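J.: Dropping in structure_8.pdb, with PDB, C-alpha atoms.
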```pdb
ATOM      1  CA  MET A 170      -2.959 -20.364 -10.227
ATOM      2  CA  LYS A 171      -2.576 -20.104  -6.480
ATOM      3  CA  ALA A 172      -3.122 -16.858  -4.623
ATOM      4  CA  ILE A 173      -3.743 -15.533  -1.130
ATOM      5  CA  ARG A 174      -6.793 -13.315  -0.936
ATOM      6  CA  LEU A 175      -8.924 -11.446   1.576
ATOM      7  CA  GLU A 176     -12.259 -13.171   1.240
ATOM      8  CA  GLU A 177     -15.301 -12.246   3.358
ATOM      9  CA  ASP A 178     -14.084  -8.981   4.864
ATOM     10  CA  PHE A 179     -11.018  -6.993   5.867
ATOM     11  CA  GLY A 180      -8.921  -8.436   8.691
ATOM     12  CA  LEU A 181      -5.967 -10.825   8.660
ATOM     13  CA  GLU A 182      -8.215 -13.648   9.837
ATOM     14  CA  ASN A 183      -9.940 -13.448   6.435
ATOM     15  CA  LEU A 184      -6.826 -14.260   4.406
ATOM     16  CA  ARG A 185      -7.352 -17.486   2.484
ATOM     17  CA  ARG A 186      -5.367 -19.515  -0.010
ATOM     18  CA  VAL A 187      -7.421 -19.762  -3.198
ATOM     19  CA  ASP A 188      -7.007 -21.375  -6.603
ATOM     20  CA  LEU A 189      -7.941 -19.049  -9.458
ATOM     21  CA  PRO A 190      -7.946 -19.492 -13.251
ATOM     22  CA  ASP A 191      -4.637 -18.695 -14.939
ATOM     23  CA  PRO A 192      -4.945 -15.235 -16.496
ATOM     24  CA  GLU A 193      -4.497 -14.566 -20.203
ATOM     25  CA  PRO A 194      -3.078 -11.167 -21.199
ATOM     26  CA  ALA A 195      -5.616  -8.730 -22.594
ATOM     27  CA  PRO A 196      -4.499  -6.366 -25.369
ATOM     28  CA  GLY A 197      -1.904  -4.012 -23.910
ATOM     29  CA  GLU A 198      -1.142  -6.278 -20.939
ATOM     30  CA  ALA A 199       1.696  -8.542 -19.813
ATOM     31  CA  VAL A 200       1.396 -11.464 -17.407
ATOM     32  CA  ILE A 201       4.106 -11.694 -14.730
ATOM     33  CA  ALA A 202       4.997 -14.972 -12.988
ATOM     34  CA  ILE A 203       5.612 -13.596  -9.489
ATOM     35  CA  GLN A 204       8.759 -15.034  -7.885
ATOM     36  CA  ALA A 205       8.916 -12.874  -4.743
ATOM     37  CA  VAL A 206       6.838 -10.293  -2.900
ATOM     38  CA  ALA A 207       7.785  -7.712  -0.292
ATOM     39  CA  ILE A 208       5.782  -6.476   2.694
ATOM     40  CA  ASN A 209       5.093  -2.821   3.552
ATOM     41  CA  PRO A 210       3.394  -1.277   6.594
ATOM     42  CA  ARG A 211       0.874   0.050   4.069
ATOM     43  CA  ASP A 212      -0.081  -3.523   3.172
ATOM     44  CA  ARG A 213      -1.038  -4.450   6.713
ATOM     45  CA  ILE A 214      -3.049  -1.263   7.169
ATOM     46  CA  MET A 215      -4.800  -1.957   3.871
ATOM     47  CA  MET A 216      -5.653  -5.533   4.879
ATOM     48  CA  MET A 217      -7.154  -4.249   8.120
ATOM     49  CA  GLY A 218      -9.405  -1.851   6.201
ATOM     50  CA  GLY A 219      -7.490   1.180   7.438
ATOM     51  CA  TYR A 220      -7.652   3.118   4.177
ATOM     52  CA  GLY A 221     -11.449   3.155   3.984
ATOM     53  CA  ARG A 222     -12.857   3.610   0.499
ATOM     54  CA  MET A 223      -9.341   4.091  -0.909
ATOM     55  CA  GLY A 224      -8.657   0.431  -0.128
ATOM     56  CA  GLY A 225     -11.449  -1.045  -2.222
ATOM     57  CA  LYS A 226     -13.257  -4.051  -0.803
ATOM     58  CA  PRO A 227     -12.830  -7.836  -0.560
ATOM     59  CA  PRO A 228     -12.353 -10.162  -2.263
ATOM     60  CA  LEU A 229      -8.934  -8.561  -2.676
ATOM     61  CA  ILE A 230      -5.464  -9.932  -3.397
ATOM     62  CA  PRO A 231      -3.067  -7.995  -1.115
ATOM     63  CA  LEU A 232       0.423  -6.460  -1.456
ATOM     64  CA  CYS A 233       1.757  -3.851  -3.845
ATOM     65  CA  ASP A 234       5.346  -5.100  -4.237
ATOM     66  CA  GLY A 235       6.572  -8.043  -6.283
ATOM     67  CA  ALA A 236       8.998  -9.199  -8.961
ATOM     68  CA  GLY A 237       9.134 -11.956 -11.544
ATOM     69  CA  ARG A 238       9.379 -12.815 -15.215
ATOM     70  CA  ILE A 239       6.946 -12.173 -18.030
ATOM     71  CA  THR A 240       5.210 -15.330 -19.237
ATOM     72  CA  ALA A 241       2.965 -13.794 -21.905
ATOM     73  CA  VAL A 242       2.265 -10.462 -23.602
ATOM     74  CA  GLY A 243      -0.972  -9.285 -25.161
ATOM     75  CA  GLU A 244      -1.654  -7.759 -28.520
ATOM     76  CA  GLY A 245      -0.084  -4.346 -29.074
ATOM     77  CA  VAL A 246       2.573  -4.622 -26.357
ATOM     78  CA  GLU A 247       5.944  -3.220 -27.392
ATOM     79  CA  GLY A 248       9.270  -3.224 -25.577
ATOM     80  CA  LEU A 249       8.410  -6.238 -23.389
ATOM     81  CA  LYS A 250       8.816  -9.908 -24.132
ATOM     82  CA  GLU A 251       8.485 -13.317 -22.567
ATOM     83  CA  GLY A 252      11.259 -13.932 -20.054
ATOM     84  CA  ASP A 253      11.903 -10.279 -19.140
ATOM     85  CA  PHE A 254      12.749  -9.715 -15.459
ATOM     86  CA  VAL A 255      10.284  -7.074 -14.248
ATOM     87  CA  VAL A 256       8.407  -5.460 -11.381
ATOM     88  CA  PRO A 257       4.869  -4.010 -11.487
ATOM     89  CA  ALA A 258       4.630  -0.298 -10.750
ATOM     90  CA  TYR A 259       2.936   0.715  -7.508
ATOM     91  CA  SER A 260      -0.094   2.004  -9.433
ATOM     92  CA  VAL A 261      -1.314   1.349 -12.979
ATOM     93  CA  THR A 262      -2.943   4.797 -13.146
ATOM     94  CA  TRP A 263       0.056   6.889 -12.044
ATOM     95  CA  PRO A 264       2.349   7.324 -15.044
ATOM     96  CA  HIS A 265       4.011  10.545 -13.882
ATOM     97  CA  GLY A 266       3.639  13.694 -11.807
ATOM     98  CA  ALA A 267       2.246  14.301  -8.341
ATOM     99  CA  PRO A 268      -0.270  11.906  -6.787
ATOM    100  CA  ASP A 269      -3.970  12.551  -7.175
ATOM    101  CA  ALA A 270      -7.174  10.565  -6.672
ATOM    102  CA  GLU A 271      -6.756   8.816 -10.018
ATOM    103  CA  ALA A 272      -3.212   7.717  -9.136
ATOM    104  CA  HIS A 273      -4.422   6.031  -5.964
ATOM    105  CA  ARG A 274      -7.320   4.296  -7.718
ATOM    106  CA  GLY A 275      -4.838   2.122  -9.581
ATOM    107  CA  ALA A 276      -2.725   1.080  -6.588
ATOM    108  CA  HIS A 277      -1.911  -2.611  -6.312
ATOM    109  CA  GLY A 278      -2.996  -4.395  -3.144
ATOM    110  CA  GLY A 279      -5.940  -2.048  -2.709
ATOM    111  CA  PRO A 280      -8.115  -1.012  -4.357
ATOM    112  CA  ARG A 281      -6.665  -3.053  -7.262
ATOM    113  CA  ASP A 282      -5.671  -6.703  -6.792
ATOM    114  CA  GLY A 283      -2.028  -6.984  -5.792
ATOM    115  CA  THR A 284       1.004  -9.210  -6.091
ATOM    116  CA  MET A 285       0.195 -12.106  -3.743
ATOM    117  CA  ARG A 286      -0.489 -14.531  -6.584
ATOM    118  CA  ALA A 287       1.450 -16.778  -8.911
ATOM    119  CA  LEU A 288       0.441 -14.981 -12.131
ATOM    120  CA  MET A 289      -0.347 -11.263 -12.357
ATOM    121  CA  PRO A 290      -1.719  -9.440 -15.429
ATOM    122  CA  VAL A 291      -0.522  -5.813 -15.546
ATOM    123  CA  PRO A 292      -1.012  -3.063 -18.157
ATOM    124  CA  ALA A 293       2.239  -2.817 -20.107
ATOM    125  CA  GLN A 294       2.804   0.851 -19.209
ATOM    126  CA  ALA A 295       3.025  -0.193 -15.544
ATOM    127  CA  VAL A 296       5.516  -3.033 -16.108
ATOM    128  CA  LEU A 297       9.066  -1.942 -15.300
ATOM    129  CA  LYS A 298      12.256  -3.785 -16.221
ATOM    130  CA  ALA A 299      14.258  -4.701 -13.127
ATOM    131  CA  PRO A 300      18.059  -4.401 -12.843
ATOM    132  CA  ALA A 301      19.578  -7.692 -13.973
ATOM    133  CA  HIS A 302      22.049  -7.915 -11.054
ATOM    134  CA  LEU A 303      19.243  -8.163  -8.481
ATOM    135  CA  THR A 304      17.556 -11.294  -7.181
ATOM    136  CA  PRO A 305      13.741 -11.494  -7.366
ATOM    137  CA  ALA A 306      13.556 -10.812  -3.608
ATOM    138  CA  GLU A 307      15.731  -7.701  -3.969
ATOM    139  CA  ALA A 308      13.787  -6.408  -6.971
ATOM    140  CA  ALA A 309      10.476  -7.026  -5.179
ATOM    141  CA  SER A 310      11.463  -4.532  -2.486
ATOM    142  CA  LEU A 311      11.617  -1.583  -4.895
ATOM    143  CA  PRO A 312       8.205  -0.414  -6.229
ATOM    144  CA  CYS A 313       6.832   1.070  -2.989
ATOM    145  CA  ALA A 314       9.564   1.596  -0.376
ATOM    146  CA  GLY A 315      12.344   2.187  -2.890
ATOM    147  CA  VAL A 316      10.414   4.742  -4.920
ATOM    148  CA  THR A 317       9.242   6.503  -1.740
ATOM    149  CA  ALA A 318      12.814   6.959  -0.526
ATOM    150  CA  TRP A 319      13.992   8.002  -4.006
ATOM    151  CA  SER A 320      11.232  10.600  -4.174
ATOM    152  CA  ALA A 321      12.204  12.021  -0.782
ATOM    153  CA  VAL A 322      15.969  12.201  -1.242
ATOM    154  CA  VAL A 323      16.552  12.594  -4.978
ATOM    155  CA  GLU A 324      13.462  14.094  -6.586
ATOM    156  CA  GLN A 325      12.131  16.349  -3.832
ATOM    157  CA  ALA A 326      15.136  17.230  -1.645
ATOM    158  CA  GLN A 327      17.480  17.130  -4.679
ATOM    159  CA  ILE A 328      20.411  16.210  -2.474
ATOM    160  CA  LYS A 329      23.807  17.333  -3.769
ATOM    161  CA  PRO A 330      27.330  16.024  -3.115
ATOM    162  CA  GLY A 331      28.647  17.089   0.275
ATOM    163  CA  GLN A 332      25.257  17.779   1.821
ATOM    164  CA  TRP A 333      24.160  16.124   5.072
ATOM    165  CA  VAL A 334      21.248  13.669   5.242
ATOM    166  CA  LEU A 335      19.913  12.111   8.450
ATOM    167  CA  CYS A 336      17.846   8.905   8.200
ATOM    168  CA  GLN A 337      15.837   7.431  11.051
ATOM    169  CA  GLY A 338      15.890   3.720  11.780
ATOM    170  CA  THR A 339      16.741   0.609   9.806
ATOM    171  CA  GLY A 340      13.438  -0.153   8.117
ATOM    172  CA  ALA A 341      13.326  -0.444   4.349
ATOM    173  CA  ILE A 342      12.555   3.193   3.504
ATOM    174  CA  SER A 343      15.246   4.568   5.812
ATOM    175  CA  LEU A 344      17.902   2.219   4.427
ATOM    176  CA  PHE A 345      16.893   3.001   0.848
ATOM    177  CA  ALA A 346      17.119   6.715   1.696
ATOM    178  CA  LEU A 347      20.576   6.122   3.170
ATOM    179  CA  GLN A 348      21.745   4.336   0.020
ATOM    180  CA  PHE A 349      20.293   6.945  -2.339
ATOM    181  CA  ALA A 350      21.860   9.748  -0.295
ATOM    182  CA  LYS A 351      25.258   8.077  -0.704
ATOM    183  CA  LEU A 352      24.664   7.659  -4.458
ATOM    184  CA  ALA A 353      24.089  11.422  -4.542
ATOM    185  CA  GLY A 354      27.413  12.023  -2.745
ATOM    186  CA  ALA A 355      25.927  13.081   0.585
ATOM    187  CA  ARG A 356      27.348  12.683   4.080
ATOM    188  CA  THR A 357      24.992  10.556   6.147
ATOM    189  CA  ILE A 358      23.818  10.073   9.718
ATOM    190  CA  LEU A 359      21.746   7.063  10.753
ATOM    191  CA  THR A 360      19.814   6.631  14.000
ATOM    192  CA  SER A 361      18.623   3.376  15.575
ATOM    193  CA  SER A 362      17.999   1.876  19.004
ATOM    194  CA  SER A 363      20.194  -1.128  18.111
ATOM    195  CA  ASP A 364      23.994  -1.060  17.942
ATOM    196  CA  GLU A 365      23.881  -4.310  15.969
ATOM    197  CA  LYS A 366      21.640  -2.801  13.299
ATOM    198  CA  LEU A 367      23.770   0.333  13.152
ATOM    199  CA  GLU A 368      26.848  -1.796  12.472
ATOM    200  CA  ARG A 369      25.000  -3.682   9.733
ATOM    201  CA  ALA A 370      24.157  -0.348   8.118
ATOM    202  CA  LYS A 371      27.760   0.817   7.823
ATOM    203  CA  PRO A 372      28.413  -0.964   4.523
ATOM    204  CA  LEU A 373      25.259   0.626   3.095
ATOM    205  CA  GLY A 374      26.795   4.076   3.489
ATOM    206  CA  ALA A 375      26.192   5.228   7.072
ATOM    207  CA  ASP A 376      28.997   7.682   7.898
ATOM    208  CA  HIS A 377      27.867   8.508  11.435
ATOM    209  CA  LEU A 378      25.830   6.294  13.759
ATOM    210  CA  ILE A 379      23.640   7.408  16.674
ATOM    211  CA  ASN A 380      21.918   5.033  19.108
ATOM    212  CA  TYR A 381      18.941   7.176  20.078
ATOM    213  CA  ARG A 382      18.159   5.005  23.090
ATOM    214  CA  ARG A 383      21.578   5.715  24.545
ATOM    215  CA  ASP A 384      21.651   9.285  23.195
ATOM    216  CA  PRO A 385      18.049  10.536  23.251
ATOM    217  CA  ASP A 386      19.126  14.064  22.266
ATOM    218  CA  TRP A 387      20.222  12.809  18.857
ATOM    219  CA  HIS A 388      19.302  16.109  17.227
ATOM    220  CA  LYS A 389      22.025  17.826  19.250
ATOM    221  CA  ILE A 390      24.596  15.270  18.127
ATOM    222  CA  ALA A 391      23.544  15.851  14.525
ATOM    223  CA  ARG A 392      24.145  19.577  14.914
ATOM    224  CA  GLU A 393      27.527  18.935  16.523
ATOM    225  CA  LEU A 394      28.527  16.729  13.590
ATOM    226  CA  THR A 395      27.677  19.586  11.224
ATOM    227  CA  ASP A 396      29.598  22.223  13.219
ATOM    228  CA  GLY A 397      26.385  23.620  14.666
ATOM    229  CA  VAL A 398      24.792  24.298  11.272
ATOM    230  CA  GLY A 399      22.350  21.379  11.114
ATOM    231  CA  VAL A 400      21.760  18.754   8.454
ATOM    232  CA  ASP A 401      20.402  19.618   5.029
ATOM    233  CA  HIS A 402      17.691  16.978   5.053
ATOM    234  CA  VAL A 403      15.983  14.600   7.491
ATOM    235  CA  VAL A 404      14.048  11.497   6.446
ATOM    236  CA  ASP A 405      11.499  11.274   9.256
ATOM    237  CA  VAL A 406       9.579   8.014   9.695
ATOM    238  CA  GLY A 407       8.646   8.485  13.355
ATOM    239  CA  GLY A 408       6.004  11.194  13.027
ATOM    240  CA  ALA A 409       4.849  12.446  16.402
ATOM    241  CA  ALA A 410       7.720  10.762  18.241
ATOM    242  CA  THR A 411      10.485  12.386  16.206
ATOM    243  CA  LEU A 412       9.293  15.377  14.203
ATOM    244  CA  ASP A 413      10.169  18.101  16.728
ATOM    245  CA  GLN A 414      13.723  16.744  16.983
ATOM    246  CA  SER A 415      13.933  16.448  13.202
ATOM    247  CA  VAL A 416      13.119  20.146  12.887
ATOM    248  CA  SER A 417      15.744  20.895  15.548
ATOM    249  CA  ALA A 418      18.353  18.844  13.682
ATOM    250  CA  VAL A 419      17.859  20.464  10.269
ATOM    251  CA  ARG A 420      19.595  23.662   9.166
ATOM    252  CA  SER A 421      17.907  26.923   8.306
ATOM    253  CA  SER A 422      16.131  26.495   4.953
ATOM    254  CA  GLY A 423      16.645  22.728   5.185
ATOM    255  CA  SER A 424      13.937  20.161   4.617
ATOM    256  CA  VAL A 425      12.244  17.268   6.389
ATOM    257  CA  SER A 426      10.541  14.439   4.512
ATOM    258  CA  LEU A 427       7.583  12.975   6.404
ATOM    259  CA  ILE A 428       7.231   9.300   5.515
ATOM    260  CA  GLY A 429       4.965   7.217   7.705
ATOM    261  CA  VAL A 430       3.979   8.056  11.237
ATOM    262  CA  LEU A 431       5.282   5.092  13.221
ATOM    263  CA  GLY A 432       5.333   7.129  16.425
ATOM    264  CA  GLY A 433       1.890   8.692  15.991
ATOM    265  CA  SER A 434       0.309  11.372  13.826
ATOM    266  CA  ALA A 435      -0.210  14.276  16.270
ATOM    267  CA  PRO A 436       3.266  15.648  17.090
ATOM    268  CA  PRO A 437       4.082  18.231  19.787
ATOM    269  CA  LEU A 438       5.782  20.541  17.294
ATOM    270  CA  ASN A 439       7.182  24.015  17.913
ATOM    271  CA  LEU A 440       5.939  25.748  14.788
ATOM    272  CA  GLY A 441       8.031  28.796  15.616
ATOM    273  CA  LYS A 442      11.164  26.876  14.661
ATOM    274  CA  VAL A 443       9.623  25.885  11.343
ATOM    275  CA  VAL A 444       8.713  29.466  10.456
ATOM    276  CA  THR A 445      11.714  31.407  11.762
ATOM    277  CA  ARG A 446      14.233  28.937  10.336
ATOM    278  CA  ASN A 447      12.399  28.554   7.001
ATOM    279  CA  VAL A 448      12.169  24.757   7.289
ATOM    280  CA  ARG A 449      10.269  22.874   4.580
ATOM    281  CA  LEU A 450       8.106  19.949   5.725
ATOM    282  CA  GLN A 451       7.230  17.655   2.827
ATOM    283  CA  GLY A 452       4.929  14.657   2.958
ATOM    284  CA  VAL A 453       6.039  11.823   0.670
ATOM    285  CA  THR A 454       3.759   9.220  -0.944
ATOM    286  CA  VAL A 455       5.512   6.803  -3.325
ATOM    287  CA  GLY A 456       5.771   8.042  -6.958
ATOM    288  CA  GLY A 457       4.673   7.365 -10.503
ATOM    289  CA  ALA A 458       6.001   4.862 -13.030
ATOM    290  CA  ASP A 459       8.348   7.410 -14.617
ATOM    291  CA  MET A 460       9.968   8.096 -11.243
ATOM    292  CA  ALA A 461      10.316   4.365 -10.661
ATOM    293  CA  ARG A 462      12.109   4.019 -14.000
ATOM    294  CA  ARG A 463      14.601   6.735 -13.025
ATOM    295  CA  MET A 464      15.250   4.978  -9.721
ATOM    296  CA  LEU A 465      15.698   1.589 -11.424
ATOM    297  CA  ALA A 466      18.149   3.110 -13.920
ATOM    298  CA  ALA A 467      20.244   4.526 -11.053
ATOM    299  CA  ILE A 468      20.262   1.175  -9.257
ATOM    300  CA  ASP A 469      21.210  -0.591 -12.483
ATOM    301  CA  ALA A 470      24.085   1.806 -13.197
ATOM    302  CA  SER A 471      25.435   1.799  -9.633
ATOM    303  CA  GLY A 472      25.060  -1.897  -8.826
ATOM    304  CA  MET A 473      23.272  -0.988  -5.592
ATOM    305  CA  ARG A 474      21.579  -3.879  -3.752
ATOM    306  CA  PRO A 475      18.614  -3.408  -1.394
ATOM    307  CA  ALA A 476      18.916  -4.479   2.242
ATOM    308  CA  LEU A 477      16.722  -7.470   3.096
ATOM    309  CA  GLU A 478      15.685  -9.024   6.386
ATOM    310  CA  THR A 479      17.800 -12.134   6.981
ATOM    311  CA  GLU A 480      14.876 -14.494   7.561
ATOM    312  CA  ARG A 481      12.870 -15.213   4.441
ATOM    313  CA  PHE A 482       9.260 -16.346   4.403
ATOM    314  CA  ALA A 483       7.468 -18.689   2.052
ATOM    315  CA  PHE A 484       4.485 -17.641  -0.023
ATOM    316  CA  GLU A 485       2.248 -19.646   2.322
ATOM    317  CA  ASP A 486       3.576 -17.814   5.388
ATOM    318  CA  LEU A 487       2.306 -14.313   4.691
ATOM    319  CA  ALA A 488       1.066 -14.195   8.295
ATOM    320  CA  GLY A 489       4.596 -14.817   9.564
ATOM    321  CA  ALA A 490       6.019 -12.073   7.355
ATOM    322  CA  LEU A 491       3.386  -9.624   8.568
ATOM    323  CA  ALA A 492       4.145 -10.545  12.179
ATOM    324  CA  ARG A 493       7.866  -9.925  11.648
ATOM    325  CA  LEU A 494       7.120  -6.479  10.247
ATOM    326  CA  GLU A 495       4.826  -5.711  13.170
ATOM    327  CA  GLU A 496       7.486  -6.755  15.705
ATOM    328  CA  GLY A 497       9.808  -4.067  14.388
ATOM    329  CA  THR A 498      12.862  -6.307  14.788
ATOM    330  CA  HIS A 499      13.582  -6.592  11.063
ATOM    331  CA  PHE A 500      16.445  -4.979   9.163
ATOM    332  CA  GLY A 501      15.512  -3.764   5.696
ATOM    333  CA  LYS A 502      12.763  -5.348   3.662
ATOM    334  CA  VAL A 503      10.677  -8.366   4.716
ATOM    335  CA  VAL A 504      10.053 -10.648   1.741
ATOM    336  CA  CYS A 505       8.169 -13.818   0.819
ATOM    337  CA  GLU A 506       9.469 -16.120  -1.876
ATOM    338  CA  ASP A 507       9.438 -19.814  -2.843
ATOM    339  CA  PHE A 508       6.084 -19.705  -4.542
TER     340      PHE A 508
END
```
Please express what this file holds, its structure, as structure tokens.
T.:
Amino acid sequence: MKAIRLEEDFGLENLRRVDLPDPEPAPGEAVIAIQAVAINPRDRIMMMGGYGRMGGKPPLIPLCDGAGRITAVGEGVEGLKEGDFVVPAYSVTWPHGAPDAEAHRGAHGGPRDGTMRALMPVPAQAVLKAPAHLTPAEAASLPCAGVTAWSAVVEQAQIKPGQWVLCQGTGAISLFALQFAKLAGARTILTSSSDEKLERAKPLGADHLINYRRDPDWHKIARELTDGVGVDHVVDVGGAATLDQSVSAVRSSGSVSLIGVLGGSAPPLNLGKVVTRNVRLQGVTVGGADMARRMLAAIDASGMRPALETERFAFEDLAGALARLEEGTHFGKVVCEDF
């Protein structure tokens, strides 16, 4: 089978196309023929060695997201069969509950080999059936970014109908959070520096749009939209660049999900506002296989479709996909297909 693998060391310059033996399923495993993969900021950091010992060591097949069809199942596998449309869970050692060291040891794309290969053996308990209405590219976007947003909005914030949710930007996690908030019946606010991207987000469920470049005091607009009360929940992906405003935008006893730190990790934050207004700050790191199954069931029942970047990349052009993600000009998930 063909694969792309980090060979001598970490660093994008060490990515190589390799030909590896076709895997046979061990007892309790299924082999997935990968049809599409999706790119996360985590993947690039991992390939650069940014996670230290948590990232394992080369040779390493990168990426944690993918989708395809089962080509073979091993002895003892139940509930899965050849031809099933599936995605691998983010981690093979995270069946349920909160993350711990063991959960991270089974993460695909580091330290465990990931999805950037034609055939992928996965323990059956970490193989998840994908909604049938999705394309492979759409399904591939779900295991990491989708579950992270689901965890933030549905499982942790427990958003209810009529509540207000503010999402930052038009990257994959923010758009997933927007869509899940609408599934929960929430009223939504979306921020971006691009009017074009804001317009594209309307059909996904954005009720109110704020261009933060034109209106840098977006937290004040959010409070105005909520009659001065503040939003119930903020999905913060900016970190240092946005966290103080996120706290200002949220209501008393509201919550802020911290997902990624695109604007830095050392924010100038007025802790007095956090304490006196009883604001909950919650870091969010993906979720276990059981959480992924709940998310997939909701997507299946609702017919929701993930937002994907318009330009698609071939399997051989992983470098181009990574560059597009780094540029920050994408809308939704960046994917590679055409294996």
J.: How many Å separate atom CA of Ala483 of chain A from atom CA of Lys502 of chain A?
T.: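 Distance between the two atoms: 14.4 Å.
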J.: On this structure, the PyMOL selection byres ((chain A and resi 184) around 12) would catch which residues? List them as a list in words, sorted by chain and number.
T.: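 Written out, the selection comes to Ala172, Ile173, Arg174, Leu175, Glu176, Glu177, Asp178, Phe179, Gly180, Leu181, Glu182, Asn183, Arg185, Arg186, Val187, Arg213, Met216, Met217, Pro227, Pro228, Leu229, Ile230, Pro231, Met285, Glu485, Asp486, Leu487, Ala488 and Leu491 of chain A.
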J.: Can you work out which one of A:Met460, A:Val503, A:Ala346, A:Leu297 has the shortest atom-to-atom distance to Pro268 of chain A, counting only C-alpha atoms?
T.: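 Closest candidate: A:Met460.
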J.: If the box runs along x, y and z of the file and leaves 8 Å on each side of segment 356-368 of chain A, what are its centre and edge lengths in Å, one decimal, as JSON?
T.:
```
{"center_x": 22.7, "center_y": 4.2, "center_z": 11.5, "size_x": 25.3, "size_y": 33.0, "size_z": 30.9}
```
J.: Which neighbours of Trp263 of chain A fall inside 12 Å, counting all atoms listed in the file, when residues of the same chain fewer than 6 positions from it are skipped, and could you give them as a count of residues only?
T.: 21
J.: Identify all residues satisfying the PyMOL selection byres ((chain A and resi 506) around 6) in the given file; provide them as an mmCIF file with C-alpha atoms, keeping the file's coordinate frame.
T.:
```cif
data_model
loop_
_atom_site.group_PDB
_atom_site.id
_atom_site.type_symbol
_atom_site.label_atom_id
_atom_site.label_comp_id
_atom_site.auth_asym_id
_atom_site.auth_seq_id
_atom_site.Cartn_x
_atom_site.Cartn_y
_atom_site.Cartn_z
ATOM 1 C CA ALA A 205 8.916 -12.874 -4.743
ATOM 2 C CA ALA A 483 7.468 -18.689 2.052
ATOM 3 C CA PHE A 484 4.485 -17.641 -0.023
ATOM 4 C CA CYS A 505 8.169 -13.818 0.819
ATOM 5 C CA ASP A 507 9.438 -19.814 -2.843
ATOM 6 C CA PHE A 508 6.084 -19.705 -4.542
#
```
J.: Find the spatial neighbours of segment 303-307 of chain A, counting all atoms listed in the file, within a cut-off of 8 Å - ignore same-chain residues fewer than 4 positions away - and output them as a list in words.
T.: Gln204, Ala205, Val206, Ala207, Gly235, Ala236, Gly237, Ala299, Leu311, Arg474, Pro475, Ala476, Leu477, Val504, Cys505 and Glu506 of chain A
J.: Compare A:Leu359, A:Cys233, A:Val296, A:Ile201 by their minimum atom-to-atom distance to Gly338 of chain A, counting all atoms listed in the file, and give me the closest one.
T.: A:Leu359
J.: Do you know which residues are at most 10 Å from segment 347-354 of chain A counting all atoms listed in the file, after dropping those on the same chain fewer than 4 positions away, and could you put them as an mmCIF file with C-alpha atoms, in the frame of the given file?
T.:
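What ended up in selection25.cif:
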```cif
data_model
loop_
_atom_site.group_PDB
_atom_site.id
_atom_site.type_symbol
_atom_site.label_atom_id
_atom_site.label_comp_id
_atom_site.auth_asym_id
_atom_site.auth_seq_id
_atom_site.Cartn_x
_atom_site.Cartn_y
_atom_site.Cartn_z
ATOM 1 C CA GLY A 315 12.344 2.187 -2.890
ATOM 2 C CA ALA A 318 12.814 6.959 -0.526
ATOM 3 C CA TRP A 319 13.992 8.002 -4.006
ATOM 4 C CA SER A 320 11.232 10.600 -4.174
ATOM 5 C CA ALA A 321 12.204 12.021 -0.782
ATOM 6 C CA VAL A 322 15.969 12.201 -1.242
ATOM 7 C CA VAL A 323 16.552 12.594 -4.978
ATOM 8 C CA GLN A 327 17.480 17.130 -4.679
ATOM 9 C CA ILE A 328 20.411 16.210 -2.474
ATOM 10 C CA LYS A 329 23.807 17.333 -3.769
ATOM 11 C CA PRO A 330 27.330 16.024 -3.115
ATOM 12 C CA GLY A 331 28.647 17.089 0.275
ATOM 13 C CA GLN A 332 25.257 17.779 1.821
ATOM 14 C CA TRP A 333 24.160 16.124 5.072
ATOM 15 C CA VAL A 334 21.248 13.669 5.242
ATOM 16 C CA LEU A 335 19.913 12.111 8.450
ATOM 17 C CA CYS A 336 17.846 8.905 8.200
ATOM 18 C CA GLN A 337 15.837 7.431 11.051
ATOM 19 C CA THR A 339 16.741 0.609 9.806
ATOM 20 C CA ALA A 341 13.326 -0.444 4.349
ATOM 21 C CA ILE A 342 12.555 3.193 3.504
ATOM 22 C CA SER A 343 15.246 4.568 5.812
ATOM 23 C CA ILE A 358 23.818 10.073 9.718
ATOM 24 C CA LEU A 359 21.746 7.063 10.753
ATOM 25 C CA ALA A 370 24.157 -0.348 8.118
ATOM 26 C CA PRO A 372 28.413 -0.964 4.523
ATOM 27 C CA LEU A 373 25.259 0.626 3.095
ATOM 28 C CA GLY A 374 26.795 4.076 3.489
ATOM 29 C CA ALA A 375 26.192 5.228 7.072
ATOM 30 C CA ASP A 376 28.997 7.682 7.898
ATOM 31 C CA HIS A 402 17.691 16.978 5.053
ATOM 32 C CA VAL A 404 14.048 11.497 6.446
ATOM 33 C CA MET A 464 15.250 4.978 -9.721
ATOM 34 C CA ALA A 467 20.244 4.526 -11.053
ATOM 35 C CA ILE A 468 20.262 1.175 -9.257
ATOM 36 C CA SER A 471 25.435 1.799 -9.633
ATOM 37 C CA MET A 473 23.272 -0.988 -5.592
ATOM 38 C CA ARG A 474 21.579 -3.879 -3.752
ATOM 39 C CA PRO A 475 18.614 -3.408 -1.394
ATOM 40 C CA ALA A 476 18.916 -4.479 2.242
#
```
J.: Can you pull out every residue within 8 Å of Trp387 of chain A, counting only C-alpha atoms, but drop anything in the same chain fewer than 5 positions away, and send it as JSON, numbers by chain?
T.: {"A": [360, 379, 380, 381, 414]}
J.: Find the residue from A:Leu450, A:Leu438, A:Ala466, A:Val291 that sits nearest to Ala326 of chain A; use all atoms listed in the file when measuring.
T.: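 When distances to Ala326 of chain A are compared using all atoms listed in the file, the smallest one comes from A:Leu450.
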J.: Could you list, as a PyMOL selection string, every residue matched by the PyMOL selection byres ((chain A and resi 251) around 7) in this structure?
T.: chain A and resi 239-242+250+252-253
J.: Quick one: distance from atom CA of Pro437 of chain A to atom CA of Ser417 of chain A in Å, one decimal?
T.: 12.7 Å
